[in-house]
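Next up, query.cif (mmCIF, C-alpha atoms and all ligand atoms):
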data_protein
#
loop_
_atom_site.label_atom_id
_atom_site.label_comp_id
_atom_site.auth_asym_id
_atom_site.auth_seq_id
_atom_site.Cartn_x
_atom_site.Cartn_y
_atom_site.Cartn_z
CA MET A 378 11.91 -120.83 83.86
CA ARG A 379 12.95 -122.33 80.53
CA SER A 380 11.08 -124.99 78.63
CA TYR A 381 11.72 -127.11 75.54
CA SER A 382 9.38 -129.00 73.21
CA LEU A 383 10.83 -132.05 71.54
CA ILE A 384 9.67 -134.48 68.88
CA ALA A 385 10.27 -138.10 69.92
CA PRO A 386 9.92 -140.41 66.88
CA ALA A 387 8.96 -144.10 67.01
CA LYS A 388 11.11 -146.80 65.38
CA ILE A 389 10.54 -149.94 63.37
CA ASN A 390 12.89 -152.91 63.07
CA LEU A 391 13.79 -153.60 59.45
CA TYR A 392 15.85 -156.55 60.67
CA LEU A 393 16.06 -158.42 63.98
CA GLU A 394 18.25 -161.49 64.34
CA ILE A 395 18.87 -163.25 67.65
CA ILE A 396 22.45 -164.47 67.47
CA GLY A 397 23.59 -167.93 68.53
CA ASP A 398 26.89 -168.61 70.25
CA ALA A 399 29.97 -170.55 69.12
CA SER A 400 28.65 -173.86 70.49
CA GLY A 401 25.63 -173.65 68.22
CA GLY A 402 23.24 -172.91 71.06
CA LEU A 403 21.44 -169.75 71.95
CA ARG A 404 21.78 -168.66 75.53
CA GLN A 405 21.02 -165.65 77.61
CA ARG A 406 24.03 -163.45 78.21
CA PRO A 407 25.24 -163.26 81.83
CA ASP A 408 23.24 -160.01 82.11
CA GLY A 409 20.05 -161.85 81.07
CA TYR A 410 19.83 -160.24 77.61
CA HIS A 411 20.15 -161.82 74.15
CA GLU A 412 22.81 -160.96 71.60
CA LEU A 413 21.23 -159.23 68.61
CA ALA A 414 21.92 -157.97 65.10
CA MET A 415 19.26 -155.40 64.19
CA ILE A 416 18.57 -152.62 61.76
CA LEU A 417 16.51 -149.86 63.32
CA GLN A 418 14.69 -147.12 61.44
CA SER A 419 13.10 -143.90 62.77
CA ILE A 420 9.62 -143.09 61.51
CA ARG A 421 7.59 -139.91 61.41
CA LEU A 422 4.96 -141.13 63.88
CA ALA A 423 6.07 -139.39 67.09
CA ASP A 424 5.16 -138.21 70.57
CA GLN A 425 5.70 -134.61 71.66
CA ILE A 426 7.59 -134.15 74.91
CA ASP A 427 7.65 -130.83 76.78
CA VAL A 428 10.19 -130.42 79.57
CA ARG A 429 10.39 -127.39 81.86
CA SER A 430 12.12 -126.39 85.06
CA ILE A 431 9.90 -125.95 88.11
CA SER A 432 10.66 -124.29 91.42
CA THR A 433 9.91 -127.41 93.50
CA ASP A 434 12.65 -130.03 93.73
CA ASN A 435 10.75 -132.97 92.26
CA ILE A 436 9.93 -134.69 88.95
CA ARG A 437 6.38 -134.53 87.60
CA VAL A 438 5.04 -136.42 84.58
CA HIS A 439 1.73 -135.82 82.79
CA CYS A 440 0.43 -137.87 79.87
CA ASN A 441 -2.71 -137.67 77.73
CA HIS A 442 -2.86 -141.50 77.33
CA PRO A 443 -4.82 -143.38 80.03
CA GLN A 444 -2.70 -146.55 79.72
CA VAL A 445 0.60 -144.79 80.36
CA PRO A 446 1.64 -144.52 84.01
CA THR A 447 2.85 -141.13 85.27
CA ASP A 448 4.73 -142.44 88.32
CA LYS A 449 8.29 -143.75 88.69
CA THR A 450 7.53 -146.62 86.28
CA ASN A 451 7.25 -144.20 83.35
CA LEU A 452 10.45 -144.36 81.32
CA ALA A 453 10.39 -140.57 80.94
CA TYR A 454 10.31 -140.25 84.74
CA ARG A 455 13.20 -142.72 85.03
CA ALA A 456 15.22 -140.70 82.52
CA ALA A 457 14.73 -137.55 84.61
CA GLU A 458 15.65 -139.46 87.78
CA LEU A 459 18.84 -140.65 86.08
CA MET A 460 19.79 -137.07 85.20
CA VAL A 461 19.14 -135.96 88.81
CA ARG A 462 21.43 -138.76 90.06
CA GLN A 463 24.15 -138.04 87.49
CA PHE A 464 24.11 -134.23 87.80
CA PRO A 465 23.16 -133.34 91.40
CA GLU A 466 24.76 -129.88 91.17
CA ALA A 467 22.72 -128.92 88.12
CA PHE A 468 19.59 -130.26 89.84
CA ALA A 469 20.35 -128.12 92.90
CA LYS A 470 20.87 -125.08 90.66
CA TYR A 471 17.91 -125.43 88.28
CA GLY A 472 15.35 -127.22 90.49
CA GLY A 473 12.81 -129.86 89.49
CA VAL A 474 11.50 -130.91 86.08
CA GLU A 475 7.96 -131.13 84.75
CA ILE A 476 7.45 -133.42 81.76
CA ASN A 477 4.40 -133.52 79.54
CA VAL A 478 4.01 -136.48 77.19
CA ASN A 479 1.63 -136.03 74.28
CA LYS A 480 1.32 -139.70 73.27
CA GLN A 481 0.62 -140.47 69.61
CA ILE A 482 2.69 -143.68 69.36
CA PRO A 483 0.64 -146.80 70.21
CA VAL A 484 1.63 -148.18 73.62
CA ALA A 485 3.36 -151.59 74.07
CA ALA A 486 3.52 -151.90 70.32
CA GLY A 487 7.16 -152.75 69.48
CA LEU A 488 7.63 -149.16 68.32
CA ALA A 489 9.88 -148.02 71.22
CA GLY A 490 7.29 -145.55 72.56
CA GLY A 491 8.65 -145.46 76.11
CA SER A 492 12.28 -145.54 74.93
CA THR A 493 11.87 -142.52 72.67
CA ASN A 494 10.19 -140.57 75.49
CA ALA A 495 13.19 -141.36 77.72
CA ALA A 496 15.59 -140.26 74.97
CA ALA A 497 13.72 -136.95 74.60
CA VAL A 498 13.87 -136.30 78.35
CA LEU A 499 17.66 -136.88 78.36
CA VAL A 500 18.08 -134.42 75.47
CA GLY A 501 15.62 -131.93 77.01
CA ILE A 502 17.25 -131.91 80.46
CA ASP A 503 20.71 -131.61 78.89
CA LEU A 504 19.43 -128.37 77.30
CA LEU A 505 17.51 -127.13 80.36
CA TRP A 506 20.55 -127.59 82.59
CA LYS A 507 23.05 -126.40 79.93
CA LEU A 508 25.14 -129.55 80.42
CA GLY A 509 26.53 -129.67 76.88
CA LEU A 510 26.58 -133.49 76.74
CA THR A 511 27.71 -135.07 73.47
CA GLN A 512 25.44 -137.41 71.52
CA SER A 513 27.56 -140.39 72.55
CA GLU A 514 27.33 -139.38 76.24
CA LEU A 515 23.54 -139.12 75.89
CA GLU A 516 23.45 -142.53 74.15
CA GLU A 517 25.51 -144.07 76.94
CA LEU A 518 23.16 -142.70 79.60
CA GLY A 519 20.23 -143.95 77.51
CA GLY A 520 21.68 -147.46 77.41
CA THR A 521 21.28 -147.72 81.19
CA LEU A 522 17.52 -147.12 80.82
CA GLY A 523 16.76 -149.59 77.99
CA SER A 524 18.28 -151.28 74.96
CA ASP A 525 16.35 -149.17 72.41
CA VAL A 526 17.07 -145.80 74.08
CA PRO A 527 20.51 -145.13 72.49
CA PHE A 528 19.03 -145.58 69.02
CA CYS A 529 16.14 -143.27 69.91
CA VAL A 530 18.68 -140.57 70.83
CA ALA A 531 20.57 -141.03 67.54
CA GLY A 532 17.69 -141.79 65.13
CA GLY A 533 17.81 -142.25 61.37
CA THR A 534 18.88 -145.69 60.16
CA ALA A 535 21.39 -147.78 62.11
CA ILE A 536 22.76 -151.24 62.76
CA ALA A 537 22.32 -152.14 66.43
CA THR A 538 24.28 -154.98 68.02
CA GLY A 539 25.07 -156.25 71.53
CA ARG A 540 21.76 -156.10 73.38
CA GLY A 541 20.73 -153.41 70.89
CA GLU A 542 22.67 -150.52 72.42
CA GLN A 543 25.78 -150.58 70.18
CA LEU A 544 25.09 -148.48 67.11
CA SER A 545 26.68 -148.07 63.68
CA PRO A 546 24.92 -145.46 61.55
CA LEU A 547 23.80 -146.35 58.01
CA PRO A 548 23.05 -143.96 55.14
CA SER A 549 19.67 -142.43 55.89
CA LEU A 550 16.53 -143.73 54.22
CA ASP A 551 14.15 -140.90 53.55
CA LYS A 552 10.56 -141.24 52.37
CA ILE A 553 9.84 -144.91 52.21
CA TYR A 554 6.12 -144.91 53.01
CA ILE A 555 4.71 -147.17 55.70
CA VAL A 556 1.36 -148.47 56.91
CA LEU A 557 1.34 -149.62 60.54
CA GLY A 558 -1.37 -151.89 61.97
CA LYS A 559 -1.87 -152.43 65.70
CA TYR A 560 -4.79 -153.89 67.68
CA ARG A 561 -5.40 -151.39 70.48
CA SER A 562 -6.12 -153.99 73.13
CA LEU A 563 -3.28 -156.36 72.18
CA GLU A 564 0.04 -156.10 74.02
CA VAL A 565 3.04 -158.41 73.76
CA SER A 566 5.54 -158.64 76.59
CA THR A 567 9.12 -158.17 75.30
CA PRO A 568 10.70 -160.42 78.02
CA TRP A 569 8.13 -163.13 77.16
CA ALA A 570 9.00 -162.95 73.44
CA TYR A 571 12.76 -163.36 74.00
CA LYS A 572 12.33 -166.07 76.65
CA THR A 573 9.93 -168.08 74.49
CA TYR A 574 12.24 -167.79 71.49
CA ARG A 575 15.17 -169.09 73.54
CA GLU A 576 13.13 -171.94 75.00
CA GLN A 577 11.69 -173.01 71.64
CA PHE A 578 14.63 -172.47 69.31
CA GLY A 579 17.68 -172.03 71.54
CA ASN A 580 18.98 -175.59 71.46
CA SER A 581 18.17 -176.17 67.81
CA TYR A 582 19.71 -172.94 66.61
CA ILE A 583 22.18 -174.71 64.34
CA ARG A 584 20.93 -178.30 64.41
CA ASP A 585 17.38 -177.60 63.19
CA THR A 586 17.79 -178.08 59.45
CA ASP A 587 14.53 -176.31 58.55
CA ASN A 588 15.73 -173.37 60.52
CA LEU A 589 19.10 -173.57 58.79
CA ALA A 590 17.50 -173.63 55.34
CA ALA A 591 15.21 -170.74 56.23
CA ARG A 592 18.17 -168.82 57.61
CA ALA A 593 20.26 -169.39 54.48
CA ASN A 594 17.49 -167.76 52.44
CA ALA A 595 16.19 -165.12 54.76
CA VAL A 596 18.67 -164.24 57.45
CA HIS A 597 21.57 -162.30 56.16
CA SER A 598 21.95 -158.81 57.45
CA GLY A 599 24.62 -158.10 54.81
CA ALA A 600 22.03 -158.22 52.03
CA ILE A 601 19.69 -155.69 53.65
CA VAL A 602 22.61 -153.43 54.55
CA LYS A 603 23.63 -153.42 50.87
CA ALA A 604 20.04 -152.62 49.85
CA ILE A 605 20.02 -149.70 52.31
CA VAL A 606 23.35 -148.39 51.00
CA ASP A 607 21.89 -148.67 47.46
CA LYS A 608 18.67 -146.93 48.66
CA ASP A 609 16.75 -149.73 46.93
CA ALA A 610 13.34 -149.80 48.67
CA ARG A 611 12.18 -152.90 46.77
CA GLU A 612 15.25 -154.88 47.77
CA ILE A 613 15.06 -153.64 51.40
CA ALA A 614 11.46 -154.87 51.53
CA GLN A 615 12.52 -158.30 50.21
CA LYS A 616 15.13 -158.66 52.94
CA LEU A 617 13.04 -157.67 55.98
CA HIS A 618 13.49 -160.17 58.79
CA ASN A 619 12.42 -160.58 62.41
CA ASP A 620 13.24 -163.75 64.40
CA LEU A 621 10.63 -162.83 67.03
CA GLU A 622 7.86 -163.41 64.46
CA ARG A 623 8.53 -167.13 64.99
CA VAL A 624 7.11 -166.94 68.52
CA VAL A 625 4.72 -163.99 68.37
CA LEU A 626 2.77 -164.90 65.19
CA PRO A 627 1.77 -168.43 66.32
CA ALA A 628 0.75 -167.08 69.75
CA TYR A 629 -1.31 -164.19 68.32
CA PRO A 630 -3.35 -165.44 65.32
CA GLN A 631 -4.87 -161.95 64.84
CA VAL A 632 -1.40 -160.55 64.15
CA LEU A 633 -0.59 -163.36 61.72
CA GLN A 634 -3.88 -162.75 59.91
CA MET A 635 -3.23 -158.99 59.68
CA ARG A 636 0.25 -159.70 58.28
CA GLU A 637 -1.30 -161.96 55.61
CA VAL A 638 -3.87 -159.31 54.69
CA PHE A 639 -1.06 -156.75 54.30
CA ALA A 640 1.05 -159.16 52.22
CA ASN A 641 -1.80 -159.69 49.75
CA GLN A 642 -2.40 -156.00 48.97
CA GLU A 643 -1.26 -154.46 45.71
CA GLY A 644 1.67 -152.07 46.00
CA VAL A 645 3.07 -153.62 49.20
CA LEU A 646 6.84 -154.02 48.79
CA GLY A 647 7.19 -156.13 51.93
CA THR A 648 5.65 -156.61 55.36
CA MET A 649 7.01 -157.58 58.81
CA MET A 650 6.28 -157.36 62.53
CA SER A 651 8.20 -154.60 64.36
CA GLY A 652 10.35 -155.61 67.37
CA SER A 653 8.47 -157.85 69.79
CA GLY A 654 5.20 -156.77 68.18
CA PRO A 655 2.33 -156.77 67.90
CA THR A 656 2.56 -153.93 65.34
CA VAL A 657 2.88 -155.07 61.73
CA PHE A 658 4.23 -152.69 59.08
CA ALA A 659 4.20 -152.66 55.28
CA LEU A 660 6.52 -150.64 53.02
CA PHE A 661 5.53 -148.64 49.91
CA GLU A 662 7.14 -146.49 47.26
CA SER A 663 4.46 -143.78 47.41
CA GLN A 664 2.19 -142.18 49.98
CA GLN A 665 -0.77 -142.69 47.67
CA GLN A 666 -0.22 -146.47 47.60
CA ALA A 667 0.09 -146.50 51.38
CA GLU A 668 -3.17 -144.53 51.83
CA GLU A 669 -4.94 -146.87 49.39
CA VAL A 670 -3.77 -150.01 51.22
CA LYS A 671 -4.79 -148.52 54.57
CA LEU A 672 -8.34 -148.23 53.18
CA GLN A 673 -8.26 -151.77 51.76
CA VAL A 674 -7.05 -153.26 55.06
CA ARG A 675 -9.73 -151.32 56.94
CA LYS A 676 -12.34 -152.96 54.66
CA ALA A 677 -10.76 -156.43 54.91
CA ILE A 678 -10.53 -156.44 58.73
CA LEU A 679 -13.78 -155.10 60.15
CA ASP A 680 -12.57 -154.63 63.70
CA GLU A 681 -12.79 -151.28 65.52
CA ASP A 682 -9.90 -152.40 67.71
CA LEU A 683 -7.48 -152.21 64.77
CA GLU A 684 -5.58 -148.91 64.51
CA LEU A 685 -3.95 -148.09 61.15
CA PHE A 686 -1.43 -145.31 60.50
CA VAL A 687 0.25 -144.03 57.35
CA THR A 688 3.73 -142.77 58.09
CA ARG A 689 7.21 -142.74 56.53
CA THR A 690 10.89 -143.19 57.26
CA ILE A 691 12.74 -140.12 58.54
CA THR A 692 16.41 -139.26 58.93
CA HIS A 693 16.53 -137.90 62.49
CA GLY A 694 16.00 -138.89 66.12
CA ILE A 695 15.00 -136.50 68.90
CA LYS A 696 14.43 -133.01 67.55
CA VAL A 697 13.91 -129.74 69.44
CA VAL A 698 10.93 -127.90 67.96
CA SER A 699 10.71 -124.91 70.27
CA SER A 700 12.24 -123.34 73.34
CA VAL A 701 10.77 -120.64 75.55
C1 LIG A 801 12.29 -155.78 70.88
C2 LIG A 801 13.14 -154.54 70.73
O1 LIG A 801 12.31 -153.38 70.88
C3 LIG A 801 13.73 -154.50 69.33
O2 LIG A 801 14.24 -153.23 68.98
C4 LIG A 801 14.25 -154.49 71.76
O3 LIG A 801 15.09 -155.63 71.65
C5 LIG A 801 13.74 -154.36 73.18
O4 LIG A 801 14.19 -153.13 73.62
P1 LIG A 801 13.72 -152.50 75.01
O5 LIG A 801 12.25 -152.56 75.16
O6 LIG A 801 14.41 -151.17 75.12
O7 LIG A 801 14.35 -153.57 75.98
P2 LIG A 801 14.88 -153.49 77.47
O8 LIG A 801 14.00 -152.58 78.27
O9 LIG A 801 16.35 -153.24 77.45
O10 LIG A 801 14.63 -154.98 77.87
C6 LIG A 801 13.35 -155.50 78.16
C7 LIG A 801 13.47 -157.00 78.29
O11 LIG A 801 13.59 -157.59 76.96
C8 LIG A 801 14.49 -158.69 76.98
N1 LIG A 801 15.63 -158.42 76.09
C9 LIG A 801 15.80 -157.18 75.54
C10 LIG A 801 16.85 -156.93 74.67
C11 LIG A 801 17.74 -157.99 74.40
N2 LIG A 801 18.78 -157.81 73.59
N3 LIG A 801 17.56 -159.21 74.95
C12 LIG A 801 16.50 -159.44 75.79
O12 LIG A 801 16.34 -160.55 76.27
C13 LIG A 801 14.91 -158.86 78.43
O13 LIG A 801 14.02 -159.78 79.01
C14 LIG A 801 14.68 -157.49 79.04
O14 LIG A 801 14.42 -157.53 80.41
N1 LIG A 802 6.65 -143.05 78.43
C1 LIG A 802 6.02 -144.20 78.20
N2 LIG A 802 5.34 -144.41 77.05
C2 LIG A 802 4.71 -145.59 76.84
N3 LIG A 802 4.68 -146.61 77.71
C3 LIG A 802 5.36 -146.46 78.86
C4 LIG A 802 6.06 -145.27 79.14
N4 LIG A 802 6.66 -145.43 80.33
C5 LIG A 802 6.35 -146.65 80.76
N5 LIG A 802 5.54 -147.30 79.91
C6 LIG A 802 5.03 -148.68 80.08
O1 LIG A 802 5.89 -149.52 79.29
C7 LIG A 802 5.16 -150.52 78.61
C8 LIG A 802 5.75 -150.69 77.20
O2 LIG A 802 5.39 -149.57 76.42
P1 LIG A 802 6.18 -149.06 75.13
O3 LIG A 802 5.20 -148.25 74.36
O4 LIG A 802 7.44 -148.42 75.53
O5 LIG A 802 6.49 -150.45 74.43
P2 LIG A 802 7.20 -150.84 73.10
O6 LIG A 802 6.86 -149.85 72.02
O7 LIG A 802 6.85 -152.27 72.85
O8 LIG A 802 8.74 -150.71 73.43
P3 LIG A 802 9.97 -151.43 72.69
O9 LIG A 802 9.71 -151.39 71.22
O10 LIG A 802 11.14 -150.54 73.11
O11 LIG A 802 10.02 -152.82 73.27
C9 LIG A 802 3.71 -150.09 78.61
O12 LIG A 802 2.91 -151.14 79.02
C10 LIG A 802 3.62 -148.89 79.56
O13 LIG A 802 2.78 -149.13 80.64
#

Written as structure tokens, that's how I'd like the structure from this file.
Ligand SMILES: C[C@](O)(CO)[C@H](O)COP(=O)(O)OP(=O)(O)OC[C@H]1O[C@@H](n2ccc(N)nc2=O)[C@H](O)[C@@H]1O
Ligand SMILES: Nc1ncnc2c1ncn2[C@@H]1O[C@H](COP(=O)(O)OP(=O)(O)OP(=O)(O)O)[C@@H](O)[C@H]1O
Amino acid sequence: MRSYSLIAPAKINLYLEIIGDASGGLRQRPDGYHELAMILQSIRLADQIDVRSISTDNIRVHCNHPQVPTDKTNLAYRAAELMVRQFPEAFAKYGGVEINVNKQIPVAAGLAGGSTNAAAVLVGIDLLWKLGLTQSELEELGGTLGSDVPFCVAGGTAIATGRGEQLSPLPSLDKIYIVLGKYRSLEVSTPWAYKTYREQFGNSYIRDTDNLAARANAVHSGAIVKAIVDKDAREIAQKLHNDLERVVLPAYPQVLQMREVFANQEGVLGTMMSGSGPTVFALFESQQQAEEVKLQVRKAILDEDLELFVTRTITHGIKVVSSV
């Protein structure tokens, strides 16, 4: 029986803009999603996923993290189920799949933890069953599981549009150092964040002049794309943007406070919330500066619930590390 071990990296959002429509409003799409313009970036913080064929004809998931379900609600399980549905002959030939998730990425954090696990299972089963799927076929399958899954398959640095599933790769950004902060017990619901944004800002998308002025200064994906092409970490950090901060930060004062603590540290190039939060990240030119700021934040926020990680940008998505 073959098995594969895969690295499944987390992502951060360098840019997240919720797009209005031609009438100046901001509505849900007919499918219930919101139209986005994002820039997604893979980071070194990762889970390890092991997939192996088993003689019984079922799917089994194990995970070392008590908060992560191992039943059909696990995104890794759903990815395996999708492969069984799509490739019944291969399933009949190779049998069931056992998946082990070694979780290192904080859960419900805005770091695409579940999505990257699903992406790894798609890649792993493609190898186990010798299907020879292309990256774009894997991305398309991933898109049916969640908006962030296609990016997790591809990895690196990319523009993501539509509901987040349409990707255009950007030149890769290696070795920008990052500190991540996440309160263990704090979770933000992604549907809640989008719904609240639409309800609060949807009708005033164009008419709200404050919003317009803020947008003219801050929201311009072209400027951050140029900074990425130029590999200018300082400029990238100046152009970070996330519309969802407008609803998540007021609702979660702890997250706002952490963001302010990060912003006031020496050496921080820029700071922002990732995705629908509540993780906040800060960017640095060197690992040493990142390690130093991690210590300073630890001293400034005396709360055992706060997890801090030093990590960095990477240039790849799902990676096979061993096969037996
Ligand atoms: C917040 C981000 O992580 C930023 O990268 C993503 O936009 C969310 O990606 P995800 O968790 O893979 O999202 P999905 O599983 O596809 O969607 C979860 C829920 O988020 C909301 N959602 C998501 C994406 C989108 N473009 N519009 C939405 O309104 C919907 O309520 C949806 O039911
Ligand atoms: N493989 C998985 N890893 C983590 N959480 C999972 C997984 N499968 C299902 N879940 C459930 O999904 C919820 C969201 O977890 P996840 O870590 O994927 O969120 P996230 O990082 O905010 O995702 P995104 O950034 O894509 O919105 C959790 O509450 C958890 O119970």

### Task
Compare A:Gln543, A:Ser432, A:Thr538, A:Asn451 by their minimum atom-to-atom distance to Glu517 of chain A, counting only C-alpha atoms, and give me the closest one.
A:Gln543

### Task
Measure the distance from atom CA of Leu672 of chain A to atom CA of Gln631 of chain A in Å and round it to one decimal.
18.3 Å

### Task
Could you give me the residues within 6 Å of ligand LIG 802 (chain A), counting all atoms listed in the file, as a ChimeraX atom specification?
/A:445-446,450-453,484-492,494,525,567,652

### Query
Within 7 Å of ligand LIG 801 (chain A), counting only C-alpha atoms and all ligand atoms, which protein or nucleic acid residues do you find, written as a PyMOL selection string?
chain A and resi 390+409-413+417+487-489+492+522-526+539-541+567-568+571-572+652-653

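You can rank A:Val698, A:Gln642, A:Tyr381, A:Phe661 by their closest distance to Lys676 of chain A using all atoms listed in the file, and at the top of that list sits A:Gln642.
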
### Query
Skipping near chain neighbours, those fewer than 2 positions away, what residues fall within 12 Å of Trp569 of chain A using all atoms listed in the file, listed as a list in words?
Glu564, Val565, Ser566, Thr567, Tyr571, Lys572, Thr573, Tyr574, Arg575, Glu576, Gln577, Leu621, Val624, Val625, Ala628, Ser653 and Gly654 of chain A

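Rounded to one decimal, atom CA of Asp620 of chain A and atom CA of Gly532 of chain A lie 22.4 Å from each other.
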
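Note that atom CA of Val638 of chain A and atom CA of Ala677 of chain A are 7.5 Å apart.
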
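In this comparison, which uses all atoms listed in the file, the residue of A:Asn619, A:Ser545, A:Gln512, A:Ser699 approaching Ile426 of chain A most closely is A:Ser699.
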
With N, CA and C atoms as the atom set, please write segment 382-396 of chain A from the structure just given, as an mmCIF file, in the first residue's frame.
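File selection-v3.cif, as written:
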data_model
loop_
_atom_site.group_PDB
_atom_site.id
_atom_site.type_symbol
_atom_site.label_atom_id
_atom_site.label_comp_id
_atom_site.auth_asym_id
_atom_site.auth_seq_id
_atom_site.Cartn_x
_atom_site.Cartn_y
_atom_site.Cartn_z
ATOM 1 N N SER A 382 3.473 11.784 2.071
ATOM 2 C CA SER A 382 3.434 12.859 3.065
ATOM 3 C C SER A 382 3.542 14.178 2.328
ATOM 4 N N LEU A 383 2.643 15.086 2.677
ATOM 5 C CA LEU A 383 2.620 16.375 1.967
ATOM 6 C C LEU A 383 2.654 17.533 2.961
ATOM 7 N N ILE A 384 3.307 18.609 2.534
ATOM 8 C CA ILE A 384 3.302 19.847 3.310
ATOM 9 C C ILE A 384 2.170 20.719 2.771
ATOM 10 N N ALA A 385 1.320 21.195 3.683
ATOM 11 C CA ALA A 385 0.166 22.013 3.292
ATOM 12 C C ALA A 385 0.299 23.396 3.940
ATOM 13 N N PRO A 386 0.844 24.381 3.199
ATOM 14 C CA PRO A 386 1.106 25.693 3.799
ATOM 15 C C PRO A 386 -0.156 26.525 4.027
ATOM 16 N N ALA A 387 -0.099 27.385 5.035
ATOM 17 C CA ALA A 387 -1.158 28.373 5.279
ATOM 18 C C ALA A 387 -0.989 29.532 4.295
ATOM 19 N N LYS A 388 -1.982 30.422 4.263
ATOM 20 C CA LYS A 388 -1.884 31.641 3.443
ATOM 21 C C LYS A 388 -2.178 32.865 4.302
ATOM 22 N N ILE A 389 -1.713 34.020 3.817
ATOM 23 C CA ILE A 389 -2.218 35.297 4.339
ATOM 24 C C ILE A 389 -2.778 36.086 3.157
ATOM 25 N N ASN A 390 -3.648 37.042 3.470
ATOM 26 C CA ASN A 390 -4.161 37.939 2.429
ATOM 27 C C ASN A 390 -3.384 39.242 2.515
ATOM 28 N N LEU A 391 -2.617 39.547 1.470
ATOM 29 C CA LEU A 391 -1.922 40.836 1.435
ATOM 30 C C LEU A 391 -2.911 41.933 1.045
ATOM 31 N N TYR A 392 -3.986 41.517 0.390
ATOM 32 C CA TYR A 392 -4.972 42.480 -0.115
ATOM 33 C C TYR A 392 -6.316 41.771 -0.218
ATOM 34 N N LEU A 393 -7.371 42.410 0.265
ATOM 35 C CA LEU A 393 -8.721 41.830 0.125
ATOM 36 C C LEU A 393 -9.699 42.978 -0.068
ATOM 37 N N GLU A 394 -10.231 43.078 -1.268
ATOM 38 C CA GLU A 394 -11.208 44.123 -1.574
ATOM 39 C C GLU A 394 -12.513 43.463 -1.987
ATOM 40 N N ILE A 395 -13.616 43.909 -1.376
ATOM 41 C CA ILE A 395 -14.939 43.418 -1.755
ATOM 42 C C ILE A 395 -15.467 44.407 -2.795
ATOM 43 N N ILE A 396 -15.758 43.871 -3.970
ATOM 44 C CA ILE A 396 -16.033 44.732 -5.128
ATOM 45 C C ILE A 396 -17.511 45.096 -5.202
#
